[in-house]
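Engineer: Here you go, this is my_file-v5.txt (compact mmCIF, C-alpha atoms and all ligand atoms).
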# COMPACT_ATOMS: atom_id res chain seq x y z
CA MET A 1 0.00 0.00 0.00
CA LEU A 2 2.80 2.37 0.94
CA ARG A 3 4.69 1.48 -2.22
CA LEU A 4 1.64 2.18 -4.33
CA THR A 5 1.21 5.58 -2.70
CA ILE A 6 4.82 6.54 -3.39
CA ALA A 7 4.44 5.35 -6.98
CA MET A 8 1.30 7.42 -7.36
CA LEU A 9 2.97 10.49 -5.90
CA GLY A 10 5.84 9.97 -8.29
CA LEU A 11 3.44 9.84 -11.22
CA ILE A 12 1.66 13.01 -10.10
CA GLY A 13 5.03 14.72 -9.65
CA PHE A 14 5.99 13.72 -13.18
CA MET A 15 2.73 15.01 -14.58
CA VAL A 16 2.90 18.45 -13.00
CA ALA A 17 6.66 19.07 -13.33
CA PRO A 18 7.25 21.59 -16.12
CA ALA A 19 9.57 20.48 -18.90
CA ALA A 20 12.98 22.10 -18.50
CA ALA A 21 13.02 24.44 -21.49
CA PRO A 22 16.54 25.42 -22.58
CA VAL A 23 15.26 28.86 -23.62
CA PRO A 24 12.11 30.72 -22.55
CA ILE A 25 9.68 30.98 -25.49
CA THR A 26 6.95 33.32 -24.25
CA SER A 27 4.95 33.45 -27.49
CA ASP A 28 5.40 31.09 -30.38
CA TYR A 29 5.16 31.58 -34.13
CA GLY A 30 1.61 31.54 -35.48
CA GLU A 31 -0.13 32.13 -32.14
CA THR A 32 -3.37 34.06 -32.49
CA ARG A 33 -3.29 37.52 -30.96
CA ILE A 34 -6.28 39.65 -30.16
CA LEU A 35 -5.55 43.34 -29.73
CA ARG A 36 -8.15 45.74 -28.38
CA ARG A 37 -7.57 49.42 -28.84
CA SER A 38 -9.96 52.17 -27.87
CA PHE A 39 -10.80 54.51 -30.72
CA GLY A 40 -12.77 57.59 -29.73
CA SER A 41 -15.85 56.21 -28.00
CA GLY A 42 -15.48 52.84 -29.73
CA MET A 43 -13.06 49.99 -29.78
CA ILE A 44 -11.01 48.41 -32.53
CA VAL A 45 -10.37 44.70 -32.20
CA SER A 46 -7.74 43.19 -34.46
CA VAL A 47 -6.84 39.53 -34.73
CA SER A 48 -3.44 38.54 -36.05
CA LYS A 49 -1.04 35.62 -36.12
CA HIS A 50 2.26 36.07 -34.32
CA SER A 51 4.92 36.65 -36.97
CA GLY A 52 7.88 35.33 -35.00
CA ILE A 53 9.03 33.65 -31.82
CA ASP A 54 9.29 35.70 -28.61
CA PHE A 55 12.17 34.79 -26.33
CA GLY A 56 11.43 36.34 -22.94
CA ALA A 57 14.58 37.39 -21.09
CA PRO A 58 15.59 40.40 -18.98
CA ALA A 59 16.83 43.60 -20.58
CA GLY A 60 20.57 43.37 -21.14
CA THR A 61 20.51 39.66 -22.06
CA PRO A 62 22.85 39.08 -25.04
CA VAL A 63 21.25 38.26 -28.39
CA LEU A 64 23.27 35.86 -30.54
CA SER A 65 23.38 35.69 -34.31
CA ALA A 66 21.25 32.67 -35.23
CA SER A 67 22.90 32.12 -38.61
CA PHE A 68 25.60 33.16 -41.03
CA GLY A 69 24.82 36.35 -42.89
CA THR A 70 25.43 40.01 -43.54
CA VAL A 71 23.72 42.81 -41.66
CA VAL A 72 21.60 44.63 -44.26
CA ASP A 73 19.63 46.92 -41.97
CA VAL A 74 19.89 48.38 -38.46
CA SER A 75 16.99 50.62 -37.49
CA PHE A 76 15.16 52.16 -34.54
CA THR A 77 11.54 53.12 -33.97
CA ALA A 78 9.96 54.70 -30.89
CA CYS A 79 7.41 51.89 -30.84
CA SER A 80 9.59 48.77 -31.21
CA GLY A 81 13.09 49.95 -30.34
CA GLY A 82 16.09 48.68 -32.26
CA SER A 83 16.03 45.97 -34.88
CA VAL A 84 18.55 44.18 -37.06
CA ILE A 85 17.95 42.43 -40.40
CA VAL A 86 20.51 39.83 -41.51
CA LYS A 87 20.63 38.39 -45.04
CA HIS A 88 21.71 34.78 -45.34
CA PRO A 89 24.21 34.04 -48.13
CA ALA A 90 22.49 30.89 -49.48
CA LYS A 91 20.52 31.43 -52.67
CA HIS A 92 18.92 28.02 -52.95
CA GLN A 93 16.31 27.11 -50.43
CA PRO A 94 14.76 23.68 -49.94
CA SER A 95 11.19 24.26 -51.11
CA THR A 96 9.30 26.25 -53.72
CA ARG A 97 6.28 26.78 -51.51
CA SER A 98 5.90 30.41 -50.50
CA GLY A 99 3.68 32.32 -48.13
CA PRO A 100 3.21 32.42 -44.38
CA GLY A 101 4.74 29.42 -42.67
CA GLY A 102 5.95 28.03 -45.99
CA ALA A 103 9.41 28.23 -47.46
CA ALA A 104 10.93 30.75 -49.76
CA GLY A 105 11.12 29.87 -53.43
CA LEU A 106 14.27 28.59 -55.10
CA GLY A 107 16.82 31.32 -55.48
CA GLN A 108 15.18 33.55 -52.89
CA ASP A 109 17.19 35.10 -50.12
CA ILE A 110 16.30 34.48 -46.51
CA PHE A 111 16.40 37.14 -43.83
CA VAL A 112 16.63 36.78 -40.06
CA ILE A 113 15.10 39.69 -38.15
CA TYR A 114 15.67 40.63 -34.50
CA VAL A 115 13.37 43.20 -32.83
CA HIS A 116 13.15 45.02 -29.42
CA ILE A 117 16.93 45.09 -29.01
CA ASN A 118 19.91 47.40 -28.56
CA PRO A 119 22.03 46.46 -31.58
CA SER A 120 25.83 46.32 -31.37
CA VAL A 121 26.40 45.59 -35.08
CA LYS A 122 26.25 47.85 -38.12
CA LYS A 123 25.19 47.50 -41.74
CA GLY A 124 27.70 45.42 -43.70
CA ASP A 125 28.94 43.36 -40.72
CA ARG A 126 29.37 39.69 -41.51
CA LEU A 127 28.07 37.35 -38.86
CA THR A 128 28.64 33.78 -37.78
CA PRO A 129 26.31 31.74 -35.55
CA GLY A 130 26.69 32.50 -31.86
CA GLN A 131 28.20 35.95 -32.29
CA THR A 132 26.71 38.59 -29.97
CA ILE A 133 24.83 41.15 -32.04
CA ALA A 134 22.72 43.00 -29.46
CA THR A 135 21.16 42.97 -26.02
CA ILE A 136 17.48 42.84 -25.18
CA ALA A 137 16.06 46.35 -24.75
CA VAL A 138 14.10 47.73 -21.79
CA SER A 139 10.50 47.18 -22.85
CA ALA A 140 9.00 49.72 -20.43
CA ARG A 141 10.16 52.42 -22.86
CA LEU A 142 8.68 50.65 -25.90
CA PRO A 143 4.90 50.88 -26.47
CA CYS A 144 5.02 47.98 -28.96
CA ALA A 145 6.78 45.47 -26.69
CA ARG A 146 5.01 43.90 -23.74
CA GLY A 147 7.68 42.65 -21.34
CA ASP A 148 11.39 42.39 -22.08
CA HIS A 149 11.86 39.99 -24.99
CA LEU A 150 13.44 39.36 -28.35
CA HIS A 151 10.99 39.15 -31.25
CA PHE A 152 12.71 36.78 -33.68
CA MET A 153 11.59 36.37 -37.28
CA VAL A 154 12.60 34.49 -40.42
CA SER A 155 11.41 36.09 -43.63
CA TYR A 156 11.82 35.80 -47.38
CA LYS A 157 11.69 39.57 -47.77
CA GLN A 158 13.85 42.25 -46.20
CA ARG A 159 10.79 43.57 -44.41
CA LYS A 160 9.20 43.12 -41.02
CA LEU A 161 5.71 42.36 -42.38
CA ALA A 162 3.98 39.26 -41.04
CA ILE A 163 2.86 38.11 -44.51
CA HIS A 164 6.47 37.44 -45.55
CA THR A 165 7.46 35.39 -42.55
CA LEU A 166 8.39 31.72 -42.42
CA ASN A 167 8.05 29.45 -39.41
CA PRO A 168 11.49 29.61 -37.72
CA HIS A 169 10.99 26.13 -36.25
CA ARG A 170 11.49 24.65 -39.72
CA PHE A 171 15.12 25.77 -39.82
CA TRP A 172 16.86 24.63 -36.63
CA VAL A 173 20.38 23.27 -37.22
CA ASP A 174 19.46 19.96 -35.52
CA GLY A 175 16.31 19.51 -37.64
CA SER A 176 12.77 20.87 -37.95
CA TYR A 177 11.14 21.64 -34.61
CA GLN A 178 14.33 20.67 -32.71
CA LEU A 179 15.28 23.94 -31.07
CA SER A 180 19.06 24.01 -31.33
CA CYS A 181 21.32 25.58 -28.73
CA TYR A 182 24.55 27.35 -29.63
CA ASP A 183 27.47 24.98 -29.23
CA LYS A 184 30.88 26.69 -29.13
CA GLY A 185 32.66 23.58 -30.40
CA ALA A 186 30.30 22.89 -33.32
CA ILE A 187 31.21 23.55 -36.93
CA TYR A 188 28.30 25.24 -38.68
CA SER A 189 27.81 25.30 -42.43
CA SER A 190 26.86 28.46 -44.28
CA LYS A 191 25.72 26.55 -47.37
CA LYS A 192 22.24 25.67 -46.19
CA PHE A 193 20.03 28.06 -44.26
CA ALA A 194 19.84 26.85 -40.67
CA ILE A 195 19.54 28.62 -37.32
CA ILE A 196 20.50 28.24 -33.68
CA SER A 197 18.69 29.76 -30.72
CA PRO A 198 19.40 33.52 -30.55
CA ILE A 199 19.27 33.31 -26.76
CA LYS A 200 21.87 31.24 -24.93
CA CYS A 201 20.47 27.99 -23.58
CA LYS A 202 20.47 27.28 -19.86
ZN ZN B 1 6.80 38.78 -30.98
Now that the file is in, can you turn its structure into structure tokens?

Structural biologist:
Amino acid sequence: MLRLTIAMLGLIGFMVAPAAAPVPITSDYGETRILRRSFGSGMIVSVSKHSGIDFGAPAGTPVLSASFGTVVDVSFTACSGGSVIVKHPAKHQPSTRSGPGGAAGLGQDIFVIYVHINPSVKKGDRLTPGQTIATIAVSARLPCARGDHLHFMVSYKQRKLAIHTLNPHRFWVDGSYQLSCYDKGAIYSSKKFAIISPIKCK
């Protein structure tokens, strides 16, 4: 009887214990978002799909380059703070399907976009995976960021529009949907587009 009780407690413990996530994803790609904004005496409700992955981490946390590439844009807005757009060198991508969540067409460039950050790189810089490119910005000063986090996007256009984004989970170095941590000793290839986590794993 005692044994059974311990076994049952063990099972309950297993069921409620949260999985140890290597990085804190606070909002995933494709999640539905409902925004309510008051407009005069009325209210505007907009529904959208999240265009990237949010990695929640305190302001000042280093942001790592997720891939090889060249910085093609560093910009700032009062709403979102700093952002960096990196162009990957590979021209040939694995699929011809395009559109949200799909893959870029053959011969299309791929861009990795980092938002709500304090960039430490400049246009023209060449990056390798794991290189520090920014720190997470203080969100309290940014009306378009709720809580300190990195908004991380993969896109087939050099633009931050949701309609051009691809699901980042398709491109992890270790395989689709296998979130890949930066490994200092690993040798990464620039030939195929693949990414590592832009936030250091625990
Ligand atoms: Zn986001």

Engineer: So which residues are near ligand ZN 1 (chain B), meaning at most 8 Å away with only C-alpha atoms and all ligand atoms counted, given back as a list in words?

Structural biologist: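 Those residues are Ser27, Asp28, His50, Ser51, Gly52, Ile53, Asp54, Ala145, His149, Leu150, His151 and Phe152 of chain A.
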
Engineer: For the residues in the current selection, export C-alpha atoms as a compact mmCIF listing (two decimals), in the coordinates of the input.

Structural biologist:
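out.txt, freshly written:
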# COMPACT_ATOMS: atom_id res chain seq x y z
CA SER A 27 4.95 33.45 -27.49
CA ASP A 28 5.40 31.09 -30.38
CA HIS A 50 2.26 36.07 -34.32
CA SER A 51 4.92 36.65 -36.97
CA GLY A 52 7.88 35.33 -35.00
CA ILE A 53 9.03 33.65 -31.82
CA ASP A 54 9.29 35.70 -28.61
CA ALA A 145 6.78 45.47 -26.69
CA HIS A 149 11.86 39.99 -24.99
CA LEU A 150 13.44 39.36 -28.35
CA HIS A 151 10.99 39.15 -31.25
CA PHE A 152 12.71 36.78 -33.68

Engineer: Tell me, as a VMD selection string, which residues lie within 9 Å of A:Ile117, counting only C-alpha atoms; anything in the same chain fewer than 3 positions away does not count.

Structural biologist: chain A and resid 59 to 60 63 80 to 84 114 134 to 138 149 to 151

Engineer: Quick one, how far is atom CA of A:Pro168 from atom CA of A:Tyr29?

Structural biologist: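 Atom-to-atom, atom CA of A:Pro168 to atom CA of A:Tyr29, that is 7.5 Å.
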
Engineer: Choose the residue, out of A:Phe111, A:Arg159, A:Ser67, A:Pro62, that has the smallest atom-to-atom separation from A:Ser180; count only C-alpha atoms.

Structural biologist: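 Under the stated criterion, the closest residue is A:Ser67.
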
Engineer: Quick check, in Å to one decimal: how far apart do atom CA of A:Thr132 and atom CA of A:His164 lie?

Structural biologist: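 Taking atom CA of A:Thr132 and atom CA of A:His164, their separation equals 25.6 Å.
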
Engineer: Figure out the distance between atom CA of A:Gln158 and atom CA of A:Lys200, please, to one decimal in Å.

Structural biologist: 25.3 Å

Engineer: Using all atoms listed in the file, find the one residue out of A:Thr165, A:Gln131, A:Asn118, A:Ser197 that sits nearest to A:Gln178.

Structural biologist: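 Ranking A:Thr165, A:Gln131, A:Asn118, A:Ser197 by distance to A:Gln178, first place goes to A:Ser197.
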
Engineer: Which residue out of A:Val45, A:Ala78, A:Leu161, A:Ile199 has the minimum interatomic distance to A:Leu179 when all atoms listed in the file are used?

Structural biologist: A:Ile199

Engineer: Residues within 6 Å of A:Phe171, please, as an MDAnalysis selection string. Count all atoms listed in the file; anything in the same chain fewer than 3 positions from it doesn't count.

Structural biologist: chainID A and resid 168 176 194:195

Engineer: Please write out, as lines of an AutoDock Vina configuration file, where the centre of an axis-aligned box around all listed atoms of stretch 175-185 of chain A lies and how long its edges are, in Å to one decimal, after adding 4 Å on each side.

Structural biologist:
center_x = 21.9
center_y = 23.4
center_z = -33.3
size_x = 29.5
size_y = 15.8
size_z = 17.2

Engineer: Which residue is closest to A:Asp148? Choose from A:Ser189, A:Thr77, A:Ser46, A:Thr61 and count all atoms listed in the file.

Structural biologist: A:Thr61
